[in-house]
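S.K.: For reference, the file upload_18.csv (CSV, C-alpha atoms and all ligand atoms) is included below:
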chain,number,residue,atom,x,y,z
A,1,MET,CA,-12.4,-15.0,-5.9
A,2,HIS,CA,-13.3,-18.3,-7.6
A,3,GLU,CA,-9.7,-19.3,-7.9
A,4,LEU,CA,-9.0,-18.6,-4.3
A,5,ASN,CA,-11.6,-21.1,-3.2
A,6,PHE,CA,-9.6,-24.0,-4.7
A,7,ILE,CA,-6.2,-23.4,-3.1
A,8,HIS,CA,-4.9,-24.3,0.4
A,9,HIS,CA,-5.1,-21.6,3.0
A,10,ASN,CA,-4.2,-21.0,6.7
A,11,THR,CA,-6.4,-19.5,9.4
A,12,THR,CA,-4.9,-17.1,11.9
A,13,PRO,CA,-5.8,-17.3,15.7
A,14,LYS,CA,-8.2,-14.4,15.1
A,15,GLY,CA,-10.0,-16.3,12.3
A,16,MET,CA,-8.5,-14.4,9.3
A,17,VAL,CA,-7.7,-16.5,6.2
A,18,ILE,CA,-4.2,-16.0,4.8
A,19,PHE,CA,-2.4,-17.6,1.8
A,20,ASP,CA,1.1,-18.8,1.2
A,21,PRO,CA,2.8,-17.1,-1.8
A,22,GLU,CA,3.5,-20.5,-3.4
A,23,GLU,CA,-0.2,-21.3,-3.4
A,24,LEU,CA,-0.9,-18.0,-5.2
A,25,GLU,CA,1.8,-18.5,-7.8
A,26,ASN,CA,-0.2,-20.4,-10.3
A,27,LEU,CA,-3.5,-18.5,-10.2
A,28,VAL,CA,-3.7,-17.2,-13.7
A,29,TYR,CA,-6.8,-15.0,-13.6
A,30,PHE,CA,-5.8,-13.5,-10.2
A,31,LYS,CA,-2.4,-12.4,-11.6
A,32,ALA,CA,-4.0,-11.2,-14.8
A,33,ALA,CA,-6.3,-9.0,-12.7
A,34,LEU,CA,-3.4,-7.4,-10.8
A,35,LEU,CA,-1.5,-6.8,-14.0
A,36,GLU,CA,-4.5,-5.2,-15.6
A,37,THR,CA,-4.9,-3.0,-12.5
A,38,LEU,CA,-1.3,-1.8,-12.9
A,39,ARG,CA,-1.8,-1.3,-16.6
A,40,LEU,CA,-4.6,1.2,-16.0
A,41,PHE,CA,-3.4,2.5,-12.6
A,42,PRO,CA,0.5,2.3,-12.6
A,43,SER,CA,1.8,3.2,-9.1
A,44,LEU,CA,4.4,5.4,-10.8
A,45,PRO,CA,2.3,7.1,-13.5
A,46,PHE,CA,5.3,8.8,-15.1
A,47,SER,CA,9.1,8.8,-14.9
A,48,PHE,CA,11.9,11.1,-16.0
A,49,SER,CA,15.1,10.2,-18.0
A,50,SER,CA,18.1,12.4,-18.7
A,51,VAL,CA,20.0,12.5,-22.0
A,52,LYS,CA,23.7,11.7,-21.9
A,53,GLU,CA,24.6,11.9,-25.6
A,54,PRO,CA,22.7,13.3,-28.6
A,55,ASP,CA,20.4,10.6,-30.0
A,56,LEU,CA,17.6,10.0,-32.4
A,57,LEU,CA,14.6,8.3,-30.8
A,58,PRO,CA,12.5,5.7,-32.8
A,59,SER,CA,9.8,8.4,-32.9
A,60,GLY,CA,12.1,10.6,-35.0
A,61,SER,CA,12.7,13.1,-32.2
A,62,ILE,CA,16.3,14.3,-31.7
A,63,VAL,CA,17.3,14.5,-28.0
A,64,THR,CA,20.4,16.3,-26.7
A,65,PRO,CA,22.1,16.6,-23.3
A,66,GLY,CA,20.2,18.8,-20.8
A,67,MET,CA,16.8,17.5,-22.1
A,68,LYS,CA,14.5,15.5,-19.9
A,69,ILE,CA,12.4,12.7,-21.3
A,70,ILE,CA,9.1,12.1,-19.5
A,71,THR,CA,7.6,8.6,-20.1
A,72,SER,CA,4.0,8.2,-19.0
A,73,ALA,CA,3.1,4.7,-18.0
A,74,TYR,CA,-0.4,6.0,-17.3
A,75,ALA,CA,-0.9,7.2,-20.9
A,76,MET,CA,0.9,4.1,-22.4
A,77,GLY,CA,-1.4,1.8,-20.5
A,78,ARG,CA,-4.4,3.5,-22.2
A,79,MET,CA,-3.1,3.7,-25.8
A,80,GLN,CA,-5.4,2.1,-28.3
A,81,LYS,CA,-2.4,1.5,-30.6
A,82,LEU,CA,-0.9,-0.8,-27.9
A,83,TRP,CA,-3.9,-2.4,-26.2
A,84,GLY,CA,-6.7,-2.2,-28.8
A,85,LYS,CA,-10.1,-0.6,-29.0
A,86,ASP,CA,-11.1,-1.8,-25.5
A,87,CYS,CA,-8.0,-0.2,-24.0
A,88,MET,CA,-10.1,1.8,-21.4
A,89,GLU,CA,-11.9,-1.3,-20.2
A,90,PHE,CA,-10.7,-3.3,-17.1
A,91,LYS,CA,-10.3,-6.7,-18.8
A,92,PRO,CA,-8.0,-9.3,-17.2
A,93,GLU,CA,-8.7,-11.7,-20.1
A,94,ARG,CA,-6.4,-9.7,-22.3
A,95,TRP,CA,-3.5,-11.2,-20.3
A,96,ILE,CA,-4.6,-14.8,-20.8
A,97,SER,CA,-3.9,-17.0,-23.9
A,98,GLU,CA,-6.5,-19.2,-25.5
A,99,LYS,CA,-4.8,-22.1,-23.7
A,100,GLY,CA,-5.6,-20.4,-20.4
A,101,THR,CA,-2.0,-19.5,-19.6
A,102,LEU,CA,-0.6,-16.0,-18.9
A,103,LEU,CA,0.6,-14.2,-22.0
A,104,HIS,CA,4.1,-12.8,-22.1
A,105,VAL,CA,3.7,-9.0,-22.5
A,106,PRO,CA,7.1,-7.3,-23.2
A,107,SER,CA,8.2,-4.7,-20.6
A,108,TYR,CA,8.4,-2.0,-23.3
A,109,LYS,CA,4.7,-2.4,-23.8
A,110,PHE,CA,3.6,-2.9,-20.2
A,111,VAL,CA,5.8,-0.2,-18.5
A,112,ALA,CA,4.4,-0.1,-15.0
A,113,PHE,CA,7.7,-1.5,-13.8
A,114,SER,CA,9.7,0.4,-16.4
A,115,THR,CA,11.9,-1.4,-18.9
A,116,GLY,CA,15.6,-1.8,-19.7
A,117,PRO,CA,18.6,-1.9,-17.4
A,118,ARG,CA,17.0,0.5,-14.8
A,119,SER,CA,13.7,-1.2,-14.6
A,120,CYS,CA,12.2,-2.2,-11.2
A,121,VAL,CA,14.3,-4.7,-9.3
A,122,GLY,CA,11.5,-5.3,-6.9
A,123,LYS,CA,8.9,-6.4,-9.5
A,124,SER,CA,8.7,-10.0,-8.4
A,125,ILE,CA,8.5,-9.2,-4.7
A,126,ALA,CA,6.0,-6.4,-5.4
A,127,LEU,CA,3.7,-8.8,-7.3
A,128,THR,CA,4.0,-11.4,-4.5
A,129,GLN,CA,3.1,-8.8,-1.9
A,130,MET,CA,0.2,-7.6,-4.0
A,131,LYS,CA,-1.1,-11.1,-4.4
A,132,MET,CA,-0.9,-12.0,-0.7
A,133,LEU,CA,-2.5,-8.8,0.4
A,134,ALA,CA,-5.3,-8.8,-2.3
A,135,ALA,CA,-6.0,-12.5,-1.7
A,136,ALA,CA,-6.4,-12.0,2.1
A,137,MET,CA,-8.5,-8.8,1.7
A,138,LEU,CA,-10.9,-10.3,-0.9
A,139,TYR,CA,-11.2,-13.6,0.9
A,140,ASN,CA,-12.0,-12.2,4.3
A,141,PHE,CA,-14.0,-9.1,3.4
A,142,ARG,CA,-16.6,-7.8,1.0
A,143,PHE,CA,-16.0,-4.4,-0.5
A,144,GLU,CA,-18.6,-2.1,-2.0
A,145,LEU,CA,-17.8,1.4,-3.4
A,146,VAL,CA,-19.9,4.1,-1.6
A,147,GLU,CA,-22.6,5.1,-4.1
A,148,GLY,CA,-21.9,8.4,-5.8
A,149,HIS,CA,-18.2,8.5,-4.7
A,150,VAL,CA,-16.1,9.9,-7.6
A,151,VAL,CA,-12.8,8.1,-8.1
A,152,GLU,CA,-10.3,10.2,-9.9
A,153,PRO,CA,-6.5,10.3,-10.0
A,154,ILE,CA,-4.5,13.3,-8.8
A,155,LEU,CA,-1.3,14.3,-10.6
A,156,SER,CA,1.6,13.2,-8.5
A,157,ILE,CA,4.8,11.1,-8.6
A,158,VAL,CA,3.0,8.2,-7.0
A,159,LEU,CA,-0.5,7.7,-8.3
A,160,HIS,CA,-3.0,8.8,-5.6
A,161,MET,CA,-6.8,9.2,-5.7
A,162,LYS,CA,-8.1,12.8,-5.4
A,163,ASN,CA,-11.0,11.9,-3.1
A,164,GLY,CA,-9.6,8.7,-1.7
A,165,LEU,CA,-11.6,5.5,-2.1
A,166,MET,CA,-14.7,5.4,0.0
A,167,MET,CA,-15.8,1.8,0.5
A,168,ARG,CA,-18.2,-0.1,2.7
A,169,VAL,CA,-16.3,-3.1,4.1
A,170,GLY,CA,-18.0,-6.1,5.7
A,171,LYS,CA,-16.7,-9.5,6.9
A,172,ARG,CA,-17.5,-12.3,4.5
A,173,THR,CA,-19.4,-15.1,6.1
A,201,LIG,C1,3.6,-2.2,-7.5
A,201,LIG,C2,4.9,-2.0,-7.0
A,201,LIG,C3,6.0,-1.4,-7.7
A,201,LIG,C4,6.0,-0.7,-8.9
A,201,LIG,C5,4.8,-0.4,-9.8
A,201,LIG,C6,7.3,-0.3,-9.2
A,201,LIG,C7,7.7,0.4,-10.3
A,201,LIG,C8,9.0,0.9,-10.6
A,201,LIG,C9,9.4,1.7,-11.7
A,201,LIG,C10,8.5,2.3,-12.8
A,201,LIG,C11,10.8,1.9,-11.6
A,201,LIG,C12,11.6,2.8,-12.5
A,201,LIG,C13,11.6,4.2,-12.0
A,201,LIG,C14,12.3,5.2,-12.9
A,201,LIG,O1,12.8,4.8,-13.9
A,201,LIG,O2,12.2,6.4,-12.6
A,201,LIG,C15,11.2,1.2,-10.4
A,201,LIG,C16,12.5,1.2,-10.0
A,201,LIG,C17,12.9,0.5,-8.8
A,201,LIG,N1,12.2,-0.2,-8.0
A,201,LIG,FE1,10.2,-0.5,-8.1
A,201,LIG,N2,8.1,-0.7,-8.2
A,201,LIG,C18,7.4,-1.4,-7.3
A,201,LIG,C19,7.8,-2.0,-6.1
A,201,LIG,C20,9.1,-2.2,-5.7
A,201,LIG,C21,9.6,-2.9,-4.6
A,201,LIG,C22,8.7,-3.7,-3.7
A,201,LIG,C23,10.9,-2.8,-4.5
A,201,LIG,C24,11.9,-3.3,-3.6
A,201,LIG,C25,11.8,-4.5,-2.9
A,201,LIG,C26,11.3,-1.9,-5.7
A,201,LIG,C27,12.6,-1.5,-6.0
A,201,LIG,C28,13.0,-0.7,-7.0
A,201,LIG,C29,14.4,-0.2,-7.2
A,201,LIG,C30,15.6,-0.5,-6.3
A,201,LIG,C31,14.3,0.6,-8.4
A,201,LIG,C32,15.5,1.3,-9.0
A,201,LIG,C33,16.1,0.4,-10.1
A,201,LIG,C34,17.3,1.1,-10.7
A,201,LIG,O3,17.3,2.4,-10.8
A,201,LIG,O4,18.2,0.5,-11.3
A,201,LIG,N3,10.2,-1.6,-6.4
A,201,LIG,N4,10.1,0.6,-9.8
Take the structure in the file and give it back as C-alpha cells.
Ligand code: HEM

M.R.:
Amino acid sequence: MHELNFIHHNTTPKGMVIFDPEELENLVYFKAALLETLRLFPSLPFSFSSVKEPDLLPSGSIVTPGMKIITSAYAMGRMQKLWGKDCMEFKPERWISEKGTLLHVPSYKFVAFSTGPRSCVGKSIALTQMKMLAAAMLYNFRFELVEGHVVEPILSIVLHMKNGLMMRVGKRT
C-alpha cells in the first residue's frame, strides 16, 4: 500500500483509482507480495506429466511409460528444504535482496508457473493482470476478514477455498 502512494495513478469518471501497468512494473515489495501469495497458494496446486521413455529421476525413482508423475506446487511452496524454517509464513521479504531488488528465484524452485519447455506462456501477462487488479482493489477499498471465518483450501485442479473468503469491504476515504 505504501508503494502505491508514490506512483502516478488515474481516476475513472466514477471516482475509482486505477494504475497503468508501466507504473506498477518497478514496485519491488508489491511484486514480492504477489509472488509470495502464489508460493503458498498456487492457482494450479498440482500438475500431471506422462512418461514417454524409461528414465531415472534425480530422486532415484525409475519411471516407465504408462506412469503419471504428479508434481505438487502447493507442497513444494511449503517445503522447509527449499524455503527455510519460516516456509509456512507469508513473508514477501524472502523475495527481496539486501540491496532492495527482487531476487531471481529459479522456476524449478518456484513452480507456480511450472518449469521447463511446457511452463506457463502467460506468466508475464498473468502477473501484470494480478498487479493491476490487486493495486486497484487495495487502493480503493479496505478489506477485513470476517471474524471466525475459516479459510481452507479444497482439493481441486484449480485452488479454491472450501468456505469462500468472507470479507468486510469498505471504501477507503
Ligand atoms: C496466476 C495465473 C497463472 C498461473 C499460476 C499459471 C500457471 C500455469 C502452469 C502451472 C502451467 C503448466 C500446467 C501443466 O504443466 O500442467 C501453465 C501452462 C500454461 N499457461 Fe498458465 N498460468 C496462469 C495464467 C495464464 C495466463 C493469463 C495465460 C494466457 C494469457 C496462460 C497460458 C498458459 C498456457 C498456454 C499454458 C500451456 C503451455 C504449454 O503447455 O506449453 N496462463 N500455466

S.K.: Show me which residues are within 8 Å of ligand LIG 201 (chain A) counting only C-alpha atoms and all ligand atoms, and format the list as a PyMOL selection string.

M.R.: chain A and resi 38+42-49+73+111-115+117-127+129-130

S.K.: Between atom CA of A:Thr11 and atom CA of A:Lys131, what is the distance in Å, rounded to a tenth?

M.R.: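 One can read the atom CA of A:Thr11 to atom CA of A:Lys131 distance as 17.0 Å.
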
S.K.: When you count all atoms listed in the file, which of these residues is closest to A:Arg168: A:Glu147, A:Lys68, A:Gln80, A:Ser97?

M.R.: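 Nearest to A:Arg168: A:Glu147.
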
S.K.: Between A:Pro106, A:Gly170, A:Leu159, A:Phe90, which one has atoms that come closest to A:Leu34, using only C-alpha atoms?

M.R.: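 Using only C-alpha atoms, the shortest distance to A:Leu34 belongs to A:Phe90.
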
S.K.: Which of these, A:His149, A:His8, A:Trp95, A:Ile154, has the shortest distance to A:Pro21 once you count all atoms listed in the file?

M.R.: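 Using all atoms listed in the file, the shortest distance to A:Pro21 belongs to A:His8.
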
S.K.: Please list as a list of chain:residue names every residue within 12 Å of A:Ala134, counting all atoms listed in the file and excluding residues in the same chain fewer than 3 positions away.

M.R.: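 Once the nearby chain positions are removed, what remains is A:Met1, A:Leu4, A:Val17, A:Ile18, A:Phe19, A:Pro21, A:Leu24, A:Phe30, A:Lys31, A:Ala33, A:Leu34, A:Thr37, A:Ala126, A:Leu127, A:Thr128, A:Gln129, A:Met130, A:Lys131, A:Met137, A:Leu138, A:Tyr139, A:Asn140, A:Phe141, A:Arg142, A:Phe143.
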
S.K.: Using all atoms listed in the file, can you tell me which of A:Leu165, A:Met132, A:Asn5, A:Thr101 comes closest to A:Pro153?

M.R.: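 Counting all atoms listed in the file, the residue closest to A:Pro153 is A:Leu165.
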
S.K.: My list of candidates is A:Glu36, A:Glu3, A:Glu22, A:Glu144. Which is closest to A:Val105 when distances are computed with all atoms listed in the file?

M.R.: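 Comparing A:Glu36, A:Glu3, A:Glu22, A:Glu144 against A:Val105, the winner is A:Glu36.
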
S.K.: Which residues, written as a list in words, have at least one atom at most 8 Å from A:Asn163, with all atoms listed in the file counted and residues fewer than 6 positions away on the same chain left out?

M.R.: Val150, Val151 and Glu152 of chain A

S.K.: Which of these, A:Pro92, A:Lys171, A:Phe41, A:Ser107, has the shortest distance to A:Ala136 once you count all atoms listed in the file?

M.R.: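 For A:Ala136, the nearest of the given residues is A:Lys171.
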
S.K.: Please compute the atom CA of A:Arg172-atom CA of A:Leu40 distance, one decimal, in Å.

M.R.: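 Interatomic distance here is 27.7 Å.
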
S.K.: Report the distance between atom CA of A:Gly148 and atom CA of A:Met88 in Å, rounded to one decimal place.

M.R.: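 Separating atom CA of A:Gly148 from atom CA of A:Met88 is a distance of 20.6 Å.
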
S.K.: Counting only C-alpha atoms, note down every residue that has an atom within 10 Å of the point (25.3, 19.1, -24.7) (file coordinates), as a list of chain:residue names.

M.R.: A:Val51, A:Lys52, A:Glu53, A:Pro54, A:Val63, A:Thr64, A:Pro65, A:Gly66, A:Met67
